[in-house]
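*Asks:* My structure is in coords-v4.pdb, and what it holds is PDB, C-alpha atoms:
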ATOM      1  CA  SER A   1      -0.780 -33.516 -40.646  1.00  0.00           C
ATOM      2  CA  ILE A   2      -4.597 -33.823 -40.990  1.00  0.00           C
ATOM      3  CA  THR A   3      -6.011 -36.918 -42.665  1.00  0.00           C
ATOM      4  CA  ASP A   4      -9.540 -38.144 -43.428  1.00  0.00           C
ATOM      5  CA  ASN A   5     -10.754 -40.848 -45.817  1.00  0.00           C
ATOM      6  CA  SER A   6     -10.253 -38.697 -48.921  1.00  0.00           C
ATOM      7  CA  VAL A   7      -7.880 -35.828 -48.164  1.00  0.00           C
ATOM      8  CA  ALA A   8      -4.439 -35.522 -46.627  1.00  0.00           C
ATOM      9  CA  ALA A   9      -2.841 -32.139 -45.958  1.00  0.00           C
ATOM     10  CA  THR A  10       0.142 -30.828 -44.066  1.00  0.00           C
ATOM     11  CA  ALA A  11       0.116 -27.473 -42.282  1.00  0.00           C
ATOM     12  CA  THR A  12       3.336 -25.676 -41.446  1.00  0.00           C
ATOM     13  CA  ILE A  13       3.557 -22.957 -38.794  1.00  0.00           C
ATOM     14  CA  THR A  14       6.596 -20.729 -38.628  1.00  0.00           C
ATOM     15  CA  LEU A  15       7.290 -18.913 -35.389  1.00  0.00           C
ATOM     16  CA  VAL A  16       9.295 -15.708 -35.517  1.00  0.00           C
ATOM     17  CA  ALA A  17      10.761 -14.165 -32.399  1.00  0.00           C
ATOM     18  CA  PRO A  18       9.512 -10.621 -31.769  1.00  0.00           C
ATOM     19  CA  PRO A  19      12.085  -7.845 -31.855  1.00  0.00           C
ATOM     20  CA  ALA A  20      13.834  -7.172 -28.575  1.00  0.00           C
ATOM     21  CA  PRO A  21      12.356  -4.251 -26.646  1.00  0.00           C
ATOM     22  CA  THR A  22      14.314  -1.039 -26.686  1.00  0.00           C
ATOM     23  CA  ALA A  23      14.887   0.564 -23.304  1.00  0.00           C
ATOM     24  CA  SER A  24      14.097   4.241 -22.979  1.00  0.00           C
ATOM     25  CA  ALA A  25      16.651   6.724 -21.778  1.00  0.00           C
ATOM     26  CA  VAL A  26      17.068   7.011 -18.009  1.00  0.00           C
ATOM     27  CA  LEU A  27      15.017   9.885 -16.564  1.00  0.00           C
ATOM     28  CA  ASP A  28      15.866  11.816 -13.398  1.00  0.00           C
ATOM     29  CA  LEU A  29      12.503  12.131 -11.635  1.00  0.00           C
ATOM     30  CA  GLY A  30      13.752  14.149  -8.657  1.00  0.00           C
ATOM     31  CA  ALA A  31      16.186  14.287  -5.780  1.00  0.00           C
ATOM     32  CA  ALA A  32      16.035  12.233  -2.583  1.00  0.00           C
ATOM     33  CA  SER A  33      18.211  12.395   0.514  1.00  0.00           C
ATOM     34  CA  VAL A  34      19.501   8.834   0.249  1.00  0.00           C
ATOM     35  CA  ASP A  35      22.093   9.333   2.996  1.00  0.00           C
ATOM     36  CA  SER A  36      19.236  10.140   5.403  1.00  0.00           C
ATOM     37  CA  GLY A  37      17.436   6.886   4.698  1.00  0.00           C
ATOM     38  CA  PHE A  38      14.936   8.143   2.113  1.00  0.00           C
ATOM     39  CA  GLY A  39      14.346   7.680  -1.584  1.00  0.00           C
ATOM     40  CA  ILE A  40      12.993   4.193  -2.387  1.00  0.00           C
ATOM     41  CA  PRO A  41      10.027   4.864  -4.717  1.00  0.00           C
ATOM     42  CA  VAL A  42       6.630   3.252  -5.159  1.00  0.00           C
ATOM     43  CA  ILE A  43       4.901   3.097  -8.535  1.00  0.00           C
ATOM     44  CA  ALA A  44       1.318   2.545  -9.713  1.00  0.00           C
ATOM     45  CA  THR A  45      -0.740   2.934 -12.871  1.00  0.00           C
ATOM     46  CA  ASP A  46      -4.310   4.132 -13.210  1.00  0.00           C
ATOM     47  CA  PRO A  47      -7.067   2.874 -15.554  1.00  0.00           C
ATOM     48  CA  ALA A  48      -6.114   5.491 -18.170  1.00  0.00           C
ATOM     49  CA  GLY A  49      -2.529   4.226 -18.276  1.00  0.00           C
ATOM     50  CA  SER A  50      -0.924   7.121 -16.409  1.00  0.00           C
ATOM     51  CA  VAL A  51       2.158   6.212 -14.379  1.00  0.00           C
ATOM     52  CA  ASP A  52       2.377   7.527 -10.805  1.00  0.00           C
ATOM     53  CA  VAL A  53       5.596   7.531  -8.761  1.00  0.00           C
ATOM     54  CA  ALA A  54       6.130   8.691  -5.169  1.00  0.00           C
ATOM     55  CA  TRP A  55       9.009   8.632  -2.693  1.00  0.00           C
ATOM     56  CA  ILE A  56      10.031  10.166   0.621  1.00  0.00           C
ATOM     57  CA  ASN A  57      12.420  13.068   0.955  1.00  0.00           C
ATOM     58  CA  THR A  58      13.465  15.025   4.039  1.00  0.00           C
ATOM     59  CA  SER A  59      10.554  17.464   3.660  1.00  0.00           C
ATOM     60  CA  GLY A  60       7.958  14.721   3.062  1.00  0.00           C
ATOM     61  CA  PRO A  61       6.596  12.697   0.138  1.00  0.00           C
ATOM     62  CA  GLU A  62       7.225  13.786  -3.435  1.00  0.00           C
ATOM     63  CA  PHE A  63       5.037  12.776  -6.382  1.00  0.00           C
ATOM     64  CA  VAL A  64       5.439  12.754 -10.171  1.00  0.00           C
ATOM     65  CA  ARG A  65       3.177  11.524 -12.959  1.00  0.00           C
ATOM     66  CA  SER A  66       3.501  10.529 -16.607  1.00  0.00           C
ATOM     67  CA  THR A  67       0.548  10.639 -19.002  1.00  0.00           C
ATOM     68  CA  ASN A  68       2.501   9.486 -22.061  1.00  0.00           C
ATOM     69  CA  GLY A  69       3.661   6.026 -21.092  1.00  0.00           C
ATOM     70  CA  GLY A  70       6.685   7.125 -19.095  1.00  0.00           C
ATOM     71  CA  SER A  71       8.314   9.241 -21.813  1.00  0.00           C
ATOM     72  CA  THR A  72       8.163  12.339 -19.638  1.00  0.00           C
ATOM     73  CA  PHE A  73       7.113  13.074 -16.056  1.00  0.00           C
ATOM     74  CA  SER A  74       5.760  16.107 -14.254  1.00  0.00           C
ATOM     75  CA  ALA A  75       7.959  18.131 -11.925  1.00  0.00           C
ATOM     76  CA  PRO A  76       7.991  16.732  -8.359  1.00  0.00           C
ATOM     77  CA  LEU A  77       5.067  17.853  -6.216  1.00  0.00           C
ATOM     78  CA  LYS A  78       5.998  18.072  -2.537  1.00  0.00           C
ATOM     79  CA  ILE A  79       3.517  16.995   0.157  1.00  0.00           C
ATOM     80  CA  PRO A  80       4.660  18.704   3.381  1.00  0.00           C
ATOM     81  CA  SER A  81       5.443  16.291   6.243  1.00  0.00           C
ATOM     82  CA  ASN A  82       8.070  16.820   8.932  1.00  0.00           C
ATOM     83  CA  MET A  83      10.488  13.912   8.563  1.00  0.00           C
ATOM     84  CA  GLN A  84      13.306  15.376  10.667  1.00  0.00           C
ATOM     85  CA  ASP A  85      12.922  12.822  13.494  1.00  0.00           C
ATOM     86  CA  THR A  86      12.488   9.834  11.175  1.00  0.00           C
ATOM     87  CA  ALA A  87      15.657   7.843  10.576  1.00  0.00           C
ATOM     88  CA  ASP A  88      14.278   5.660   7.759  1.00  0.00           C
ATOM     89  CA  GLY A  89      11.292   6.943   5.806  1.00  0.00           C
ATOM     90  CA  ASN A  90      11.093   4.335   3.069  1.00  0.00           C
ATOM     91  CA  GLY A  91       7.734   2.943   4.145  1.00  0.00           C
ATOM     92  CA  ILE A  92       5.613   4.920   1.666  1.00  0.00           C
ATOM     93  CA  GLN A  93       2.670   3.094   0.076  1.00  0.00           C
ATOM     94  CA  MET A  94       0.409   4.087  -2.825  1.00  0.00           C
ATOM     95  CA  GLY A  95      -3.027   2.863  -3.870  1.00  0.00           C
ATOM     96  CA  VAL A  96      -4.925   4.016  -6.967  1.00  0.00           C
ATOM     97  CA  ASP A  97      -8.629   3.237  -7.269  1.00  0.00           C
ATOM     98  CA  GLY A  98     -10.706   2.554 -10.374  1.00  0.00           C
ATOM     99  CA  SER A  99     -11.443   6.260 -10.854  1.00  0.00           C
ATOM    100  CA  GLY A 100      -7.776   7.219 -10.754  1.00  0.00           C
ATOM    101  CA  ASN A 101      -7.798   8.750  -7.267  1.00  0.00           C
ATOM    102  CA  ILE A 102      -4.323   8.514  -5.722  1.00  0.00           C
ATOM    103  CA  ASN A 103      -3.877   7.571  -2.060  1.00  0.00           C
ATOM    104  CA  LEU A 104      -0.571   7.734  -0.159  1.00  0.00           C
ATOM    105  CA  LEU A 105       0.397   6.422   3.275  1.00  0.00           C
ATOM    106  CA  TRP A 106       3.771   6.906   4.934  1.00  0.00           C
ATOM    107  CA  HIS A 107       5.287   6.703   8.413  1.00  0.00           C
ATOM    108  CA  ARG A 108       7.120   9.294  10.474  1.00  0.00           C
ATOM    109  CA  GLU A 109       8.285   9.699  14.050  1.00  0.00           C
ATOM    110  CA  LEU A 110       6.759  12.522  16.067  1.00  0.00           C
ATOM    111  CA  THR A 111       9.749  12.970  18.416  1.00  0.00           C
ATOM    112  CA  GLU A 112      13.489  12.280  18.404  1.00  0.00           C
ATOM    113  CA  THR A 113      13.042   9.385  20.813  1.00  0.00           C
ATOM    114  CA  GLY A 114      10.099   7.810  19.005  1.00  0.00           C
ATOM    115  CA  SER A 115      10.309   4.110  18.163  1.00  0.00           C
ATOM    116  CA  VAL A 116       6.909   3.401  16.587  1.00  0.00           C
ATOM    117  CA  PRO A 117       6.198   5.778  13.685  1.00  0.00           C
ATOM    118  CA  ASN A 118       2.742   7.209  13.139  1.00  0.00           C
ATOM    119  CA  SER A 119       1.139   6.629   9.745  1.00  0.00           C
ATOM    120  CA  PHE A 120       0.055   9.635   7.700  1.00  0.00           C
ATOM    121  CA  PHE A 121      -2.392   9.714   4.789  1.00  0.00           C
ATOM    122  CA  SER A 122      -2.886  12.087   1.863  1.00  0.00           C
ATOM    123  CA  ARG A 123      -5.049  11.865  -1.250  1.00  0.00           C
ATOM    124  CA  SER A 124      -5.374  13.391  -4.707  1.00  0.00           C
ATOM    125  CA  THR A 125      -8.599  13.449  -6.697  1.00  0.00           C
ATOM    126  CA  ASP A 126      -7.236  15.517  -9.599  1.00  0.00           C
ATOM    127  CA  GLY A 127      -4.561  13.284 -11.065  1.00  0.00           C
ATOM    128  CA  GLY A 128      -1.817  14.324  -8.682  1.00  0.00           C
ATOM    129  CA  MET A 129      -2.103  18.067  -9.293  1.00  0.00           C
ATOM    130  CA  THR A 130      -2.858  18.629  -5.603  1.00  0.00           C
ATOM    131  CA  PHE A 131      -2.911  16.483  -2.459  1.00  0.00           C
ATOM    132  CA  SER A 132      -4.870  16.868   0.762  1.00  0.00           C
ATOM    133  CA  PRO A 133      -3.026  17.854   3.963  1.00  0.00           C
ATOM    134  CA  GLU A 134      -1.605  14.876   5.845  1.00  0.00           C
ATOM    135  CA  THR A 135      -3.792  13.193   8.473  1.00  0.00           C
ATOM    136  CA  ASN A 136      -3.212  10.335  10.937  1.00  0.00           C
ATOM    137  CA  PRO A 137      -6.474   8.317  10.684  1.00  0.00           C
ATOM    138  CA  GLY A 138      -7.358   6.561  13.933  1.00  0.00           C
ATOM    139  CA  GLY A 139      -3.902   7.219  15.354  1.00  0.00           C
ATOM    140  CA  ALA A 140      -2.527   4.459  13.112  1.00  0.00           C
ATOM    141  CA  THR A 141       1.100   3.394  13.559  1.00  0.00           C
ATOM    142  CA  SER A 142       3.250   1.408  11.094  1.00  0.00           C
ATOM    143  CA  ALA A 143       0.042   0.686   9.175  1.00  0.00           C
ATOM    144  CA  GLN A 144      -0.784  -0.856   5.817  1.00  0.00           C
ATOM    145  CA  LEU A 145      -2.870   0.880   3.143  1.00  0.00           C
ATOM    146  CA  VAL A 146      -5.420  -0.995   1.024  1.00  0.00           C
ATOM    147  CA  VAL A 147      -7.452   0.694  -1.728  1.00  0.00           C
ATOM    148  CA  ALA A 148     -10.354  -1.166  -3.353  1.00  0.00           C
ATOM    149  CA  PRO A 149     -11.137  -0.691  -7.069  1.00  0.00           C
ATOM    150  CA  ALA A 150     -14.439   1.002  -6.167  1.00  0.00           C
ATOM    151  CA  GLY A 151     -12.578   3.510  -3.976  1.00  0.00           C
ATOM    152  CA  ASN A 152     -13.003   2.293  -0.395  1.00  0.00           C
ATOM    153  CA  ILE A 153      -9.843   2.886   1.638  1.00  0.00           C
ATOM    154  CA  SER A 154      -8.708   0.716   4.558  1.00  0.00           C
ATOM    155  CA  ILE A 155      -5.794   1.335   6.913  1.00  0.00           C
ATOM    156  CA  ILE A 156      -4.809  -1.624   9.104  1.00  0.00           C
ATOM    157  CA  TRP A 157      -2.247  -1.926  11.913  1.00  0.00           C
ATOM    158  CA  PHE A 158      -1.259  -3.468  15.236  1.00  0.00           C
ATOM    159  CA  ASP A 159      -1.967  -1.068  18.088  1.00  0.00           C
ATOM    160  CA  GLU A 160       1.202   0.214  19.744  1.00  0.00           C
ATOM    161  CA  THR A 161      -0.125  -0.260  23.299  1.00  0.00           C
ATOM    162  CA  THR A 162      -2.364  -3.342  23.192  1.00  0.00           C
ATOM    163  CA  SER A 163      -1.007  -5.118  20.055  1.00  0.00           C
ATOM    164  CA  ASN A 164      -4.650  -5.547  18.952  1.00  0.00           C
ATOM    165  CA  LEU A 165      -5.238  -5.616  15.198  1.00  0.00           C
ATOM    166  CA  LEU A 166      -7.158  -2.466  14.223  1.00  0.00           C
ATOM    167  CA  ALA A 167      -8.644  -0.983  11.067  1.00  0.00           C
ATOM    168  CA  VAL A 168     -10.225   2.241   9.882  1.00  0.00           C
ATOM    169  CA  SER A 169     -12.017   2.723   6.574  1.00  0.00           C
ATOM    170  CA  SER A 170     -13.240   5.580   4.415  1.00  0.00           C
ATOM    171  CA  PRO A 171     -15.303   5.828   1.227  1.00  0.00           C
ATOM    172  CA  ASP A 172     -13.745   9.138   0.208  1.00  0.00           C
ATOM    173  CA  GLY A 173     -10.401   9.605   1.956  1.00  0.00           C
ATOM    174  CA  VAL A 174     -11.858  12.429   4.032  1.00  0.00           C
ATOM    175  CA  ASN A 175     -14.151  10.807   6.576  1.00  0.00           C
ATOM    176  CA  PHE A 176     -12.584   7.806   8.304  1.00  0.00           C
ATOM    177  CA  SER A 177     -14.419   5.468  10.676  1.00  0.00           C
ATOM    178  CA  ASN A 178     -13.416   4.999  14.279  1.00  0.00           C
ATOM    179  CA  PRO A 179     -10.939   2.137  14.719  1.00  0.00           C
ATOM    180  CA  THR A 180     -12.472  -1.340  14.564  1.00  0.00           C
ATOM    181  CA  THR A 181     -10.833  -4.137  16.550  1.00  0.00           C
ATOM    182  CA  ILE A 182     -10.343  -7.053  14.172  1.00  0.00           C
ATOM    183  CA  TRP A 183      -8.527  -9.230  16.713  1.00  0.00           C
ATOM    184  CA  THR A 184      -7.690  -8.947  20.404  1.00  0.00           C
ATOM    185  CA  ALA A 185      -4.040  -9.845  20.776  1.00  0.00           C
ATOM    186  CA  VAL A 186      -2.791 -12.932  22.564  1.00  0.00           C
ATOM    187  CA  GLY A 187       0.997 -12.937  22.656  1.00  0.00           C
ATOM    188  CA  ASN A 188       3.011 -10.851  20.219  1.00  0.00           C
ATOM    189  CA  PRO A 189       1.667 -10.405  16.684  1.00  0.00           C
ATOM    190  CA  MET A 190       3.894  -9.719  13.695  1.00  0.00           C
ATOM    191  CA  ASP A 191       4.257 -10.065   9.920  1.00  0.00           C
ATOM    192  CA  LEU A 192       0.892  -8.626   8.862  1.00  0.00           C
ATOM    193  CA  ILE A 193       0.051  -9.263   5.194  1.00  0.00           C
ATOM    194  CA  VAL A 194      -3.039  -7.817   3.497  1.00  0.00           C
ATOM    195  CA  GLU A 195      -4.243  -8.884   0.045  1.00  0.00           C
ATOM    196  CA  THR A 196      -7.213  -7.631  -1.960  1.00  0.00           C
ATOM    197  CA  GLY A 197      -9.765  -9.325  -4.194  1.00  0.00           C
ATOM    198  CA  PRO A 198     -11.252  -8.025  -7.465  1.00  0.00           C
ATOM    199  CA  GLN A 199     -14.442  -6.810  -5.764  1.00  0.00           C
ATOM    200  CA  GLY A 200     -12.577  -5.098  -2.925  1.00  0.00           C
ATOM    201  CA  GLN A 201     -12.423  -8.054  -0.538  1.00  0.00           C
ATOM    202  CA  LEU A 202      -9.686  -7.940   2.095  1.00  0.00           C
ATOM    203  CA  TYR A 203      -7.718 -10.983   3.216  1.00  0.00           C
ATOM    204  CA  LEU A 204      -5.489 -10.597   6.276  1.00  0.00           C
ATOM    205  CA  PHE A 205      -2.788 -12.957   7.510  1.00  0.00           C
ATOM    206  CA  TRP A 206      -0.430 -12.527  10.461  1.00  0.00           C
ATOM    207  CA  THR A 207       1.725 -14.441  12.904  1.00  0.00           C
ATOM    208  CA  GLN A 208       0.774 -14.866  16.568  1.00  0.00           C
ATOM    209  CA  VAL A 209       3.773 -15.561  18.798  1.00  0.00           C
ATOM    210  CA  VAL A 210       2.800 -16.786  22.277  1.00  0.00           C
ATOM    211  CA  THR A 211       6.207 -18.351  22.987  1.00  0.00           C
ATOM    212  CA  MET A 212       9.137 -19.205  20.728  1.00  0.00           C
ATOM    213  CA  THR A 213       7.720 -22.736  20.408  1.00  0.00           C
ATOM    214  CA  ASN A 214       4.067 -21.678  20.185  1.00  0.00           C
ATOM    215  CA  CYS A 215       3.428 -19.715  16.987  1.00  0.00           C
ATOM    216  CA  SER A 216       0.350 -19.671  14.766  1.00  0.00           C
ATOM    217  CA  ILE A 217      -0.722 -18.148  11.439  1.00  0.00           C
ATOM    218  CA  LEU A 218      -4.058 -16.350  11.815  1.00  0.00           C
ATOM    219  CA  SER A 219      -6.448 -15.070   9.178  1.00  0.00           C
ATOM    220  CA  SER A 220      -9.436 -12.736   8.867  1.00  0.00           C
ATOM    221  CA  SER A 221     -11.334 -11.323   5.902  1.00  0.00           C
ATOM    222  CA  SER A 222     -13.782  -8.585   4.968  1.00  0.00           C
ATOM    223  CA  THR A 223     -16.038  -7.904   2.013  1.00  0.00           C
ATOM    224  CA  ASP A 224     -16.260  -4.145   2.610  1.00  0.00           C
ATOM    225  CA  GLY A 225     -13.312  -3.081   4.790  1.00  0.00           C
ATOM    226  CA  THR A 226     -15.710  -2.267   7.624  1.00  0.00           C
ATOM    227  CA  THR A 227     -16.670  -5.587   9.182  1.00  0.00           C
ATOM    228  CA  PHE A 228     -14.263  -8.499   9.544  1.00  0.00           C
ATOM    229  CA  THR A 229     -14.654 -12.204  10.195  1.00  0.00           C
ATOM    230  CA  PRO A 230     -13.352 -13.575  13.516  1.00  0.00           C
ATOM    231  CA  ALA A 231      -9.685 -14.506  13.392  1.00  0.00           C
ATOM    232  CA  VAL A 232      -9.034 -18.181  12.724  1.00  0.00           C
ATOM    233  CA  ASN A 233      -5.889 -20.263  13.128  1.00  0.00           C
ATOM    234  CA  ILE A 234      -5.035 -21.662   9.682  1.00  0.00           C
ATOM    235  CA  SER A 235      -1.727 -23.303  10.680  1.00  0.00           C
ATOM    236  CA  ARG A 236      -3.060 -26.221  12.765  1.00  0.00           C
TER
END
Would you write out, as structure tokens, the structure that this file holds?
*Replies:*
Amino acid sequence: SITDNSVAATATITLVAPPAPTASAVLDLGAASVDSGFGIPVIATDPAGSVDVAWINTSGPEFVRSTNGGSTFSAPLKIPSNMQDTADGNGIQMGVDGSGNINLLWHRELTETGSVPNSFFSRSTDGGMTFSPETNPGGATSAQLVVAPAGNISIIWFDETTSNLLAVSSPDGVNFSNPTTIWTAVGNPMDLIVETGPQGQLYLFWTQVVTMTNCSILSSSSTDGTTFTPAVNISR
């Protein structure tokens, strides 16, 4: 009710619930060797609204795309990668930049007795029609992929030998920098988390375990994926 010295009026607002969404039919996007530890997909959308899906199969990553809101998808495109020595290949990651370039990172063992999988990278600049041959930038192992909106690519991991926190970066997915040491390890690091900001900032958090009763949460950041601030203890 709205009242002034001369006029009184009552406004009524009626709220109507929107219709319930209708689920589309289930689509079979492709096969995956689930019994071999593969098949959990990752999904991303690009600025044009295309839907990208990737997963690991025994012969390597497979990729499909929809350009009509998920009504139909392309046939699976296989990216060759020898997964025969990898017991669980569900670590695939995907990052799509502001131009729609698609970046994939996954992990695979190089030998039957391997225990720390190497991380392999591939990229598409034509909407998933083709992907570059796999590469292992900087010798990364069990790494995390971060793709900035402007296209810069960062791959970050704990070194298998020293436990140091390392990073490589690339503006184009072809030429990667040499590994940068973000932090020299003290104790055993674990639980790396990387978040991105709207202008491509990187925020890193991880746990430093010196003893079971001496653990800390550390943090570092970067504005460009190339240089990083010194690690600081944020759990004191």
*Asks:* Translate the PyMOL selection byres ((chain A and resi 128) around 10), as applied to the file shown, into an explicit residue set as a list of chain:residue names.
*Replies:*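 Selected by the PyMOL selection byres ((chain A and resi 128) around 10) in this file: A:Asp52, A:Phe63, A:Val64, A:Arg65, A:Ser74, A:Leu77, A:Gly100, A:Asn101, A:Ile102, A:Asn103, A:Arg123, A:Ser124, A:Thr125, A:Asp126, A:Gly127, A:Met129, A:Thr130, A:Phe131.
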*Asks:* Determine the residue membership of the PyMOL selection byres ((chain A and resi 14-31) around 8) for the file above and supply it as a PyMOL selection string.
*Replies:* chain A and resi 12-13+32-33+57+64+71-73+75-76
*Asks:* Can you write out the residues you just picked, keeping C-alpha atoms, as a tab-separated table (two decimals), keeping the file's coordinate frame?
*Replies:*
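Once written, result-v5.tsv looks like this:
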chain	number	residue	atom	x	y	z
A	12	THR	CA	3.34	-25.68	-41.45
A	13	ILE	CA	3.56	-22.96	-38.79
A	32	ALA	CA	16.04	12.23	-2.58
A	33	SER	CA	18.21	12.40	0.51
A	57	ASN	CA	12.42	13.07	0.96
A	64	VAL	CA	5.44	12.75	-10.17
A	71	SER	CA	8.31	9.24	-21.81
A	72	THR	CA	8.16	12.34	-19.64
A	73	PHE	CA	7.11	13.07	-16.06
A	75	ALA	CA	7.96	18.13	-11.92
A	76	PRO	CA	7.99	16.73	-8.36
*Asks:* Which residue out of A:Gly69, A:Thr161, A:Thr196, A:Ser81 has the minimum interatomic distance to Gly95 of chain A when only C-alpha atoms are used?
*Replies:*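 Answer, going by the shortest atom-to-atom distance: A:Thr196.
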*Asks:* Nearest residue to Val146 of chain A out of A:Glu109, A:Glu62, A:Asp97, A:Asp46, using only C-alpha atoms?
*Replies:*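 Among the listed residues, the smallest separation from Val146 of chain A belongs to A:Asp97.
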*Asks:* Identify the residues within 12 Å of coordinate (14.0, 2.4, -5.6) (same frame as the file), considering only C-alpha atoms, and give the answer as a VMD selection string.
*Replies:* chain A and resid 29 32 34 37 to 43 53 to 56 90 to 92
*Asks:* Quick one: distance from atom CA of Ile182 of chain A to atom CA of Asn233 of chain A in Å, one decimal?
*Replies:*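 If I compute the distance from atom CA of Ile182 of chain A to atom CA of Asn233 of chain A, I get 14.0 Å.
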*Asks:* Kindly indicate which residue among A:Pro230, A:Gly114, A:Gly98, A:Gly60 lies nearest to Val147 of chain A, using all atoms listed in the file for the distances.
*Replies:* A:Gly98
*Asks:* From the set A:Asn118, A:Thr111, A:Gln199, A:Gln93, which residue has the shortest atom-to-atom contact distance to Gly139 of chain A, counting only C-alpha atoms?
*Replies:*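 Nearest to Gly139 of chain A: A:Asn118.
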*Asks:* Quick one: apply the PyMOL selection byres ((chain A and resi 235) around 10) to the file and drop the selected residues here as number ranges by chain.
*Replies:* A: 207, 215-219, 232-234, 236
*Asks:* So the first atom is atom CA of Thr141 of chain A and the second is atom CA of Pro61 of chain A; what is the distance between them in Å, to one decimal place?
*Replies:*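 According to the coordinates, atom CA of Thr141 of chain A and atom CA of Pro61 of chain A are separated by 17.2 Å.
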*Asks:* Would you please work out which residue, of A:Asp85, A:Asp35, A:Asp224, A:Glu160, is nearest to Ala140 of chain A when using all atoms listed in the file?
*Replies:* A:Glu160
*Asks:* With a distance cut-off of 10 Å and only C-alpha atoms, select the neighbouring residues of Gly49 of chain A, excluding the residue or stretch itself and same-chain residues fewer than 4 positions from it, and output the selection as a PyMOL selection string.
*Replies:* chain A and resi 44-45+66-70+100
*Asks:* I'd like the interatomic distance between atom CA of Phe205 of chain A and atom CA of Phe158 of chain A, to a tenth of an Å.
*Replies:*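 That distance, rounded to one decimal, is 12.3 Å.
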*Asks:* Can you find the residues with an atom no farther than 6 Å from (-11.5, 4.3, -0.3), counting only C-alpha atoms, and report them as a list of chain:residue names?
*Replies:* A:Val147, A:Gly151, A:Asn152, A:Ile153, A:Ser170, A:Pro171, A:Asp172, A:Gly173
*Asks:* Kindly compute an axis-aligned box around the listed atoms of segment 223-228 of chain A, allowing 8 Å on each side, and express its centre and edge lengths in Å to one decimal as lines of an AutoDock Vina configuration file.
*Replies:*
center_x = -15.0
center_y = -5.4
center_z = 5.8
size_x = 19.4
size_y = 22.2
size_z = 23.5
*Asks:* Which one of A:Thr213, A:Thr226, A:Pro198, A:Met190 sits closest to Ser177 of chain A if you count only C-alpha atoms?
*Replies:* A:Thr226
*Asks:* Which neighbours of Pro179 of chain A fall inside 7 Å, counting only C-alpha atoms, when residues of the same chain fewer than 3 positions from it are skipped, and could you give them as a ChimeraX atom specification?
*Replies:* /A:138,166-168
*Asks:* If we count all atoms listed in the file, what is near Trp183 of chain A at a cut-off of 6 Å, once residues fewer than 2 positions away on the same chain are taken out, given as number ranges by chain?
*Replies:* A: 164-165, 181
